[in-house]
Amino acid sequence: MADFKYIIVGSGIAGLYAALLASEQGSVLLLTKGGLQDCNTRYAQGGIAAAIGAGDSPALHLEDTLGAGAGLCDVEAARILTDNAPRAIADLVRLGVIFDTDHGEVALGREGAHRLARVLHAGGDATGAHIETVLARLVQARPIRIDEYSAAVGLVVDARSGKVTAVDAVQVRNGQTKRRYTGEAIVLATGGAGRLFRHTTNPEVATGDGVALAFNAGAAVADMEFCQFHPTALRFPGAPAFLISEAVRGEGAVLLTGDGDAFMARYHPMKDLAPRDIVSRAIVTEMQRAATDHVLLDMTHLPEQWLITRFPTIYHTCLQNGVDITREPVPVAPAAHYMMGGVLTNSWGETNLPGLFACGEVACNGLHGANRLASNSLLEALVFARRVVERAGSGIWEGIRFDDPLILDQPGLLNADAPTLTAENLVQTMWNKVGIVRDGVGLEEAVAIFNSWAGSLPASEDLTVQSLANQVLVGRLMAHAAQARTESRGAHFRLDFPAPRPEWVRRIVMVAHPPGNPFPSES
Ligand code: SIN
């Protein structure tokens, strides 16, 4: 008999919502490596997409999702997402989330690559924080065991059945005591990996742990070459790379060069609301042309009071950093924002390891393809967390099969001149060589550096070392996948292969061991 029916790892929107639903079925342990609300969800500004407006439909939302995904979306998963969006919103409202209204109607914003206004928001630009607060309160009121500051450091796989049966977790604030918890269903909801890059909109906890845990246990990962760079993070000396929501451009803000050229008109018919990858690369081109580290985002033509009410978080944060958005343009530059890739799942959140599920940013069911449509991520977490719990509760297990995976076991190509492995060198290597604009030479160097680092890591129980090891593994997966994909598509752009290639309308799946090999850990 397992200690818990569900063990959920992570406390962003996916983990909290899964825990709430799961608690209707049985006992739940929620593990989170920080405080309950230390997660990426809290920083989501723009909102949550759903086809609820006049003239909109799930079919149109699906078309925009597939368009952004650049030919690589799993159409079934994307359809499940867009069909279930109105229901997910209704459930949030039932749970107590209050969305912003305009003259008594739900206010709908626009963001990049959406042809219609369909983005709901709360507290102006504090959508994620509002949702997180409501869900966290509900979870705390349920009979759910919540272990804060408890880092999952290993998954236990039964050698005979291949089933994931337990999680090893370390109490971060309690002398790092390790404990093993058994569960009937283990759900990874650990979020993304933006902290692997020098510039990111993500908080400190976004270090890719879930991908590393799953991969080390024998789970397949997919689409690791696709990392989304948000075009507009605050770039101001001494300020954090704070997100300036795309919703600002949706309301009419315009990107400018230092000498006032509204350059996006030269790059795409949708101008400032072109897909994110296009806007991010256009900004990089303009920054290189002007030899500067930022462009400008101008919203000074929008009414002052309206701007402050619609974007209070952005207004106050910029002001604290010395920029008054109502009077002067904001210096911005792209920053790593969202991982399209992750632990390979089917549309029920099942992985290739029985008993192991994943949902939210850590998971990759293929719905985003090569590039996520704006404001589909909070939605994804809700829709697929619900499906994970439905499936785990049903006792059915289909799992996921894949052909021809890339096997990442031996170190491979090494770099004798690899810089010393430090957190700073890691994020700089990712930014310079696996960033917004890539090429074969840089990727080969990155692969060799990460291989060398992987080979030099000491086995250690220390959490800081383990976290660095996780980041090395995730960086290595990203670099290998990006090197393998000899084309450009969506968020993956290579100077040496600047166009999409038909033979690459397929996904890269990676595993640690050839299928059928013994599992790496045993119960
Ligand atoms: C934003 O507000 O620009 C971010 C929304 C998202 O990443 O979907």
# chains A, B, ... in the order shown; residues from 1 in each chain; ligands from 1
$ select_by_dssp --residues "stretch 203-431 of chain A" --states "strand (DSSP E)" --output "PyMOL selection string"
chain A and resi 221-222+227-234+254-256+295-298+330-339+342-344+356-358+363-364+406-407
$ residues_around --residues "stretch 477-489 of chain A" --least-positions-apart "3" --cutoff "8 Å" --atoms "only C-alpha atoms" --output "number ranges by chain"
A: 70, 223-226, 370, 408, 434, 440, 443-444, 446-447, 473-474, 492-494, 497-501, 504, 508, 510
$ atom_distance --atom1 "atom CA of A:Val75" --atom2 "atom CA of A:Glu390"
20.9 Å
$ residues_near_ligand --ligand "ligand 1" --cutoff "10 Å" --atoms "only C-alpha atoms and all ligand atoms" --output "PyMOL selection string"
chain A and resi 41+43-49+111-112+119+121+125-128+201+228-233+243-250+276+337-338+372-379
$ residues_around --residues "A:Asp38" --least-positions-apart "2" --cutoff "8 Å" --atoms "only C-alpha atoms" --output "short mmCIF file (atom, residue, chain, number, x, y, z; two decimals) with all heavy atoms, in the first residue's frame"
data_model
loop_
_atom_site.label_atom_id
_atom_site.label_comp_id
_atom_site.auth_asym_id
_atom_site.auth_seq_id
_atom_site.Cartn_x
_atom_site.Cartn_y
_atom_site.Cartn_z
N SER A 11 4.31 23.48 -7.41
CA SER A 11 3.14 24.17 -6.87
C SER A 11 2.77 25.42 -7.67
O SER A 11 2.25 26.39 -7.13
CB SER A 11 3.39 24.55 -5.41
OG SER A 11 4.50 25.44 -5.31
N GLY A 12 3.03 25.38 -8.99
CA GLY A 12 2.46 26.41 -9.86
C GLY A 12 1.03 26.02 -10.18
O GLY A 12 0.45 25.13 -9.55
N GLY A 34 10.34 25.33 -3.03
CA GLY A 34 10.36 26.63 -2.37
C GLY A 34 9.12 26.76 -1.50
O GLY A 34 8.58 25.77 -1.02
N GLY A 35 8.67 28.00 -1.31
CA GLY A 35 7.39 28.21 -0.64
C GLY A 35 6.27 27.86 -1.61
O GLY A 35 6.51 27.73 -2.82
N LEU A 36 5.06 27.74 -1.09
CA LEU A 36 3.94 27.27 -1.93
C LEU A 36 3.77 28.14 -3.17
O LEU A 36 3.41 27.66 -4.23
CB LEU A 36 2.65 27.26 -1.10
CG LEU A 36 1.46 26.55 -1.74
CD1 LEU A 36 1.77 25.09 -2.00
CD2 LEU A 36 0.21 26.68 -0.87
N ASN A 40 6.62 30.01 -11.41
CA ASN A 40 6.52 30.87 -12.59
C ASN A 40 5.13 31.46 -12.77
O ASN A 40 4.98 32.58 -13.28
CB ASN A 40 6.86 30.03 -13.83
CG ASN A 40 7.85 30.73 -14.73
OD1 ASN A 40 8.05 31.93 -14.61
ND2 ASN A 40 8.43 29.99 -15.65
N ARG A 42 3.11 32.82 -10.88
CA ARG A 42 2.92 34.13 -10.23
C ARG A 42 3.33 35.29 -11.11
O ARG A 42 2.91 36.42 -10.91
CB ARG A 42 3.77 34.17 -8.96
CG ARG A 42 2.97 34.01 -7.72
CD ARG A 42 3.82 34.12 -6.51
NE ARG A 42 4.49 35.40 -6.37
CZ ARG A 42 5.57 35.58 -5.63
NH1 ARG A 42 6.10 34.57 -4.99
NH2 ARG A 42 6.12 36.76 -5.52
N PRO A 203 11.51 33.03 -12.53
CA PRO A 203 12.07 33.14 -11.18
C PRO A 203 13.13 32.07 -10.91
O PRO A 203 13.28 31.13 -11.70
CB PRO A 203 10.86 32.93 -10.28
CG PRO A 203 9.96 32.05 -11.08
CD PRO A 203 10.17 32.43 -12.52
N VAL A 205 13.36 29.47 -9.20
CA VAL A 205 13.04 28.03 -9.10
C VAL A 205 12.98 27.32 -10.46
O VAL A 205 12.93 26.09 -10.51
CB VAL A 205 11.69 27.82 -8.36
CG1 VAL A 205 11.83 28.12 -6.89
CG2 VAL A 205 10.57 28.66 -8.99
#
$ residues_around --residues "A:Pro419" --least-positions-apart "3" --cutoff "9 Å" --atoms "only C-alpha atoms" --output "MDAnalysis selection string"
chainID A and resid 416 422 425:426 449 453
$ atom_distance --atom1 "atom CA of A:Arg145" --atom2 "atom CA of A:Gly395"
22.6 Å
$ select_by_dssp --residues "stretch 87-321 of chain A" --states "alpha helix (DSSP H)" --output "number ranges by chain"
A: 87-95, 127-141, 209-217, 246-250, 276-290, 304-310, 312-320
$ write_last_selection --atoms "C-alpha atoms" --output "PDB file, in the first residue's frame"
ATOM      1  CA  ARG A  87     -14.705  25.049 -19.436  1.00  0.00           C
ATOM      2  CA  ALA A  88     -11.345  25.739 -17.769  1.00  0.00           C
ATOM      3  CA  ILE A  89     -12.204  29.437 -17.450  1.00  0.00           C
ATOM      4  CA  ALA A  90     -15.639  28.597 -16.028  1.00  0.00           C
ATOM      5  CA  ASP A  91     -13.951  26.386 -13.448  1.00  0.00           C
ATOM      6  CA  LEU A  92     -11.537  29.146 -12.408  1.00  0.00           C
ATOM      7  CA  VAL A  93     -14.499  31.501 -11.969  1.00  0.00           C
ATOM      8  CA  ARG A  94     -16.288  28.834  -9.898  1.00  0.00           C
ATOM      9  CA  LEU A  95     -13.188  28.542  -7.718  1.00  0.00           C
ATOM     10  CA  THR A 127      -3.283  37.281 -13.942  1.00  0.00           C
ATOM     11  CA  GLY A 128      -0.926  34.536 -12.776  1.00  0.00           C
ATOM     12  CA  ALA A 129      -0.597  35.990  -9.282  1.00  0.00           C
ATOM     13  CA  HIS A 130      -4.387  36.130  -8.889  1.00  0.00           C
ATOM     14  CA  ILE A 131      -4.904  32.557 -10.053  1.00  0.00           C
ATOM     15  CA  GLU A 132      -2.020  31.269  -7.929  1.00  0.00           C
ATOM     16  CA  THR A 133      -3.346  32.998  -4.803  1.00  0.00           C
ATOM     17  CA  VAL A 134      -6.855  31.613  -5.241  1.00  0.00           C
ATOM     18  CA  LEU A 135      -5.646  28.056  -5.926  1.00  0.00           C
ATOM     19  CA  ALA A 136      -3.090  28.126  -3.105  1.00  0.00           C
ATOM     20  CA  ARG A 137      -5.767  29.138  -0.580  1.00  0.00           C
ATOM     21  CA  LEU A 138      -8.048  26.347  -1.740  1.00  0.00           C
ATOM     22  CA  VAL A 139      -5.273  23.764  -1.600  1.00  0.00           C
ATOM     23  CA  GLN A 140      -4.378  24.876   1.928  1.00  0.00           C
ATOM     24  CA  ALA A 141      -8.006  24.434   2.969  1.00  0.00           C
ATOM     25  CA  ASP A 209      14.473  19.814 -12.293  1.00  0.00           C
ATOM     26  CA  GLY A 210      11.448  17.860 -13.481  1.00  0.00           C
ATOM     27  CA  VAL A 211      12.991  17.135 -16.877  1.00  0.00           C
ATOM     28  CA  ALA A 212      16.195  15.962 -15.188  1.00  0.00           C
ATOM     29  CA  LEU A 213      14.337  13.782 -12.650  1.00  0.00           C
ATOM     30  CA  ALA A 214      12.247  12.117 -15.345  1.00  0.00           C
ATOM     31  CA  PHE A 215      15.102  11.650 -17.822  1.00  0.00           C
ATOM     32  CA  ASN A 216      17.366  10.141 -15.177  1.00  0.00           C
ATOM     33  CA  ALA A 217      14.599   7.670 -14.315  1.00  0.00           C
ATOM     34  CA  GLU A 246       2.876  41.288 -24.875  1.00  0.00           C
ATOM     35  CA  ALA A 247      -0.566  42.563 -23.879  1.00  0.00           C
ATOM     36  CA  VAL A 248       1.038  46.023 -23.811  1.00  0.00           C
ATOM     37  CA  ARG A 249       1.692  45.715 -27.528  1.00  0.00           C
ATOM     38  CA  GLY A 250      -1.808  44.233 -27.842  1.00  0.00           C
ATOM     39  CA  ARG A 276       7.209  35.929 -30.633  1.00  0.00           C
ATOM     40  CA  ASP A 277      10.109  34.252 -32.385  1.00  0.00           C
ATOM     41  CA  ILE A 278       9.874  36.723 -35.257  1.00  0.00           C
ATOM     42  CA  VAL A 279       9.687  39.738 -32.932  1.00  0.00           C
ATOM     43  CA  SER A 280      12.592  38.451 -30.800  1.00  0.00           C
ATOM     44  CA  ARG A 281      14.845  37.926 -33.828  1.00  0.00           C
ATOM     45  CA  ALA A 282      13.883  41.303 -35.296  1.00  0.00           C
ATOM     46  CA  ILE A 283      14.906  42.928 -32.015  1.00  0.00           C
ATOM     47  CA  VAL A 284      18.239  41.059 -32.027  1.00  0.00           C
ATOM     48  CA  THR A 285      18.879  42.255 -35.592  1.00  0.00           C
ATOM     49  CA  GLU A 286      18.093  45.859 -34.660  1.00  0.00           C
ATOM     50  CA  MET A 287      20.242  45.678 -31.518  1.00  0.00           C
ATOM     51  CA  GLN A 288      23.160  44.330 -33.555  1.00  0.00           C
ATOM     52  CA  ARG A 289      22.673  47.004 -36.213  1.00  0.00           C
ATOM     53  CA  ALA A 290      22.826  49.754 -33.590  1.00  0.00           C
ATOM     54  CA  GLU A 304      -1.849  57.840 -18.596  1.00  0.00           C
ATOM     55  CA  GLN A 305      -4.483  56.796 -16.036  1.00  0.00           C
ATOM     56  CA  TRP A 306      -5.736  53.966 -18.201  1.00  0.00           C
ATOM     57  CA  LEU A 307      -2.180  52.660 -18.606  1.00  0.00           C
ATOM     58  CA  ILE A 308      -1.608  52.662 -14.843  1.00  0.00           C
ATOM     59  CA  THR A 309      -4.877  50.794 -14.205  1.00  0.00           C
ATOM     60  CA  ARG A 310      -4.456  48.297 -17.027  1.00  0.00           C
ATOM     61  CA  PRO A 312      -0.243  48.281 -12.588  1.00  0.00           C
ATOM     62  CA  THR A 313       2.530  45.706 -12.033  1.00  0.00           C
ATOM     63  CA  ILE A 314       4.502  46.881 -15.045  1.00  0.00           C
ATOM     64  CA  TYR A 315       3.959  50.537 -14.178  1.00  0.00           C
ATOM     65  CA  HIS A 316       5.132  50.193 -10.561  1.00  0.00           C
ATOM     66  CA  THR A 317       8.038  47.844 -11.293  1.00  0.00           C
ATOM     67  CA  CYS A 318       9.380  50.078 -14.060  1.00  0.00           C
ATOM     68  CA  LEU A 319       8.951  53.131 -11.845  1.00  0.00           C
ATOM     69  CA  GLN A 320      10.933  51.430  -9.062  1.00  0.00           C
TER      70      GLN A 320
END
$ residues_around --residues "A:Ala54" --least-positions-apart "2" --cutoff "12 Å" --atoms "only C-alpha atoms" --output "PDB file with all heavy atoms, in the first residue's frame"
ATOM      1  N   ALA A  50      -8.859  31.983 -24.232  1.00  0.00           N
ATOM      2  CA  ALA A  50     -10.026  31.112 -24.398  1.00  0.00           C
ATOM      3  C   ALA A  50     -10.963  31.779 -25.401  1.00  0.00           C
ATOM      4  O   ALA A  50     -11.156  32.995 -25.359  1.00  0.00           O
ATOM      5  CB  ALA A  50     -10.752  30.902 -23.073  1.00  0.00           C
ATOM      6  N   ALA A  51     -11.540  30.967 -26.271  1.00  0.00           N
ATOM      7  CA  ALA A  51     -12.431  31.515 -27.304  1.00  0.00           C
ATOM      8  C   ALA A  51     -13.813  31.716 -26.695  1.00  0.00           C
ATOM      9  O   ALA A  51     -14.697  30.875 -26.848  1.00  0.00           O
ATOM     10  CB  ALA A  51     -12.485  30.557 -28.485  1.00  0.00           C
ATOM     11  N   ILE A  52     -13.988  32.836 -26.002  1.00  0.00           N
ATOM     12  CA  ILE A  52     -15.305  33.092 -25.397  1.00  0.00           C
ATOM     13  C   ILE A  52     -15.923  34.385 -25.933  1.00  0.00           C
ATOM     14  O   ILE A  52     -17.038  34.725 -25.572  1.00  0.00           O
ATOM     15  CB  ILE A  52     -15.218  33.152 -23.849  1.00  0.00           C
ATOM     16  CG1 ILE A  52     -14.280  34.278 -23.406  1.00  0.00           C
ATOM     17  CG2 ILE A  52     -14.785  31.825 -23.252  1.00  0.00           C
ATOM     18  CD1 ILE A  52     -14.446  34.627 -21.930  1.00  0.00           C
ATOM     19  N   ASP A  56     -15.692  34.551 -31.961  1.00  0.00           N
ATOM     20  CA  ASP A  56     -14.565  33.624 -31.768  1.00  0.00           C
ATOM     21  C   ASP A  56     -15.089  32.193 -31.642  1.00  0.00           C
ATOM     22  O   ASP A  56     -16.286  31.968 -31.393  1.00  0.00           O
ATOM     23  CB  ASP A  56     -13.787  34.022 -30.501  1.00  0.00           C
ATOM     24  CG  ASP A  56     -12.347  33.529 -30.545  1.00  0.00           C
ATOM     25  OD1 ASP A  56     -11.977  32.834 -31.509  1.00  0.00           O
ATOM     26  OD2 ASP A  56     -11.581  33.840 -29.605  1.00  0.00           O
ATOM     27  N   SER A  57     -14.197  31.250 -31.793  1.00  0.00           N
ATOM     28  CA  SER A  57     -14.592  29.844 -31.634  1.00  0.00           C
ATOM     29  C   SER A  57     -13.348  29.030 -31.308  1.00  0.00           C
ATOM     30  O   SER A  57     -12.230  29.433 -31.653  1.00  0.00           O
ATOM     31  CB  SER A  57     -15.201  29.308 -32.932  1.00  0.00           C
ATOM     32  OG  SER A  57     -14.194  29.246 -33.915  1.00  0.00           O
ATOM     33  N   PRO A  58     -13.513  27.863 -30.660  1.00  0.00           N
ATOM     34  CA  PRO A  58     -12.357  26.995 -30.426  1.00  0.00           C
ATOM     35  C   PRO A  58     -11.626  26.659 -31.721  1.00  0.00           C
ATOM     36  O   PRO A  58     -10.397  26.518 -31.729  1.00  0.00           O
ATOM     37  CB  PRO A  58     -12.978  25.747 -29.787  1.00  0.00           C
ATOM     38  CG  PRO A  58     -14.191  26.256 -29.085  1.00  0.00           C
ATOM     39  CD  PRO A  58     -14.729  27.348 -29.984  1.00  0.00           C
ATOM     40  N   LEU A  60     -11.118  28.647 -34.296  1.00  0.00           N
ATOM     41  CA  LEU A  60     -10.208  29.757 -34.635  1.00  0.00           C
ATOM     42  C   LEU A  60      -9.010  29.775 -33.687  1.00  0.00           C
ATOM     43  O   LEU A  60      -7.871  30.028 -34.094  1.00  0.00           O
ATOM     44  CB  LEU A  60     -10.951  31.094 -34.556  1.00  0.00           C
ATOM     45  CG  LEU A  60     -11.980  31.355 -35.661  1.00  0.00           C
ATOM     46  CD1 LEU A  60     -12.718  32.667 -35.402  1.00  0.00           C
ATOM     47  CD2 LEU A  60     -11.299  31.390 -37.026  1.00  0.00           C
ATOM     48  N   GLU A 105     -18.728  43.334 -19.198  1.00  0.00           N
ATOM     49  CA  GLU A 105     -18.364  42.113 -19.948  1.00  0.00           C
ATOM     50  C   GLU A 105     -16.933  41.730 -19.606  1.00  0.00           C
ATOM     51  O   GLU A 105     -16.117  42.611 -19.318  1.00  0.00           O
ATOM     52  CB  GLU A 105     -18.411  42.383 -21.464  1.00  0.00           C
ATOM     53  CG  GLU A 105     -19.751  42.827 -22.007  1.00  0.00           C
ATOM     54  CD  GLU A 105     -20.736  41.673 -22.067  1.00  0.00           C
ATOM     55  OE1 GLU A 105     -20.292  40.538 -22.310  1.00  0.00           O
ATOM     56  OE2 GLU A 105     -21.937  41.919 -21.836  1.00  0.00           O
ATOM     57  N   VAL A 106     -16.613  40.437 -19.684  1.00  0.00           N
ATOM     58  CA  VAL A 106     -15.227  40.020 -19.468  1.00  0.00           C
ATOM     59  C   VAL A 106     -14.327  40.744 -20.477  1.00  0.00           C
ATOM     60  O   VAL A 106     -14.637  40.767 -21.674  1.00  0.00           O
ATOM     61  CB  VAL A 106     -15.082  38.492 -19.655  1.00  0.00           C
ATOM     62  CG1 VAL A 106     -13.612  38.075 -19.564  1.00  0.00           C
ATOM     63  CG2 VAL A 106     -15.880  37.756 -18.611  1.00  0.00           C
ATOM     64  N   ALA A 107     -13.271  41.373 -19.972  1.00  0.00           N
ATOM     65  CA  ALA A 107     -12.367  42.120 -20.869  1.00  0.00           C
ATOM     66  C   ALA A 107     -11.436  41.129 -21.565  1.00  0.00           C
ATOM     67  O   ALA A 107     -10.861  40.252 -20.916  1.00  0.00           O
ATOM     68  CB  ALA A 107     -11.558  43.121 -20.060  1.00  0.00           C
ATOM     69  N   LEU A 108     -11.293  41.280 -22.871  1.00  0.00           N
ATOM     70  CA  LEU A 108     -10.437  40.367 -23.633  1.00  0.00           C
ATOM     71  C   LEU A 108      -9.318  41.157 -24.306  1.00  0.00           C
ATOM     72  O   LEU A 108      -9.587  42.098 -25.054  1.00  0.00           O
ATOM     73  CB  LEU A 108     -11.262  39.632 -24.700  1.00  0.00           C
ATOM     74  CG  LEU A 108     -12.352  38.705 -24.163  1.00  0.00           C
ATOM     75  CD1 LEU A 108     -13.206  38.168 -25.303  1.00  0.00           C
ATOM     76  CD2 LEU A 108     -11.734  37.548 -23.378  1.00  0.00           C
ATOM     77  N   LEU A 116      -7.715  37.389 -32.959  1.00  0.00           N
ATOM     78  CA  LEU A 116      -8.831  38.032 -32.260  1.00  0.00           C
ATOM     79  C   LEU A 116      -8.427  38.305 -30.815  1.00  0.00           C
ATOM     80  O   LEU A 116      -7.513  37.661 -30.291  1.00  0.00           O
ATOM     81  CB  LEU A 116     -10.033  37.072 -32.206  1.00  0.00           C
ATOM     82  CG  LEU A 116     -10.770  36.819 -33.507  1.00  0.00           C
ATOM     83  CD1 LEU A 116     -11.652  35.591 -33.366  1.00  0.00           C
ATOM     84  CD2 LEU A 116     -11.635  38.033 -33.843  1.00  0.00           C
ATOM     85  N   ALA A 117      -9.166  39.225 -30.177  1.00  0.00           N
ATOM     86  CA  ALA A 117      -8.942  39.459 -28.753  1.00  0.00           C
ATOM     87  C   ALA A 117      -9.566  38.297 -27.984  1.00  0.00           C
ATOM     88  O   ALA A 117     -10.774  38.093 -28.043  1.00  0.00           O
ATOM     89  CB  ALA A 117      -9.584  40.777 -28.346  1.00  0.00           C
ATOM     90  N   ARG A 118      -8.730  37.490 -27.296  1.00  0.00           N
ATOM     91  CA  ARG A 118      -9.285  36.341 -26.551  1.00  0.00           C
ATOM     92  C   ARG A 118      -8.495  36.049 -25.274  1.00  0.00           C
ATOM     93  O   ARG A 118      -8.547  34.936 -24.755  1.00  0.00           O
ATOM     94  CB  ARG A 118      -9.347  35.100 -27.437  1.00  0.00           C
ATOM     95  CG  ARG A 118      -8.034  34.541 -27.942  1.00  0.00           C
ATOM     96  CD  ARG A 118      -8.218  33.129 -28.472  1.00  0.00           C
ATOM     97  NE  ARG A 118      -8.897  33.062 -29.734  1.00  0.00           N
ATOM     98  CZ  ARG A 118      -8.295  33.010 -30.933  1.00  0.00           C
ATOM     99  NH1 ARG A 118      -6.974  33.056 -31.019  1.00  0.00           N
ATOM    100  NH2 ARG A 118      -8.999  32.911 -32.030  1.00  0.00           N
TER     101      ARG A 118
END
$ closest_residue --among "A:Ala19, A:Cys227, A:Ala206, A:Ile98" --to "A:Leu120" --atoms "only C-alpha atoms"
A:Ile98
$ atom_distance --atom1 "atom CA of A:Ala159" --atom2 "atom CA of A:Gly366"
28.9 Å
$ closest_residue --among "A:Val427, A:Ile436, A:Leu356, A:Leu414" --to "A:Asn451" --atoms "only C-alpha atoms"
A:Leu414
$ residues_around --residues "stretch 184-191 of chain A" --least-positions-apart "4" --cutoff "6 Å" --atoms "only C-alpha atoms" --output "list in words"
Lys5, Tyr6, Ile7, Ile8, Val9, Gly10, Ala14, Gly15, Gly210, Gly355, Leu356, Phe357, Ala358, Cys359, Gly360, Glu361 and Val362 of chain A
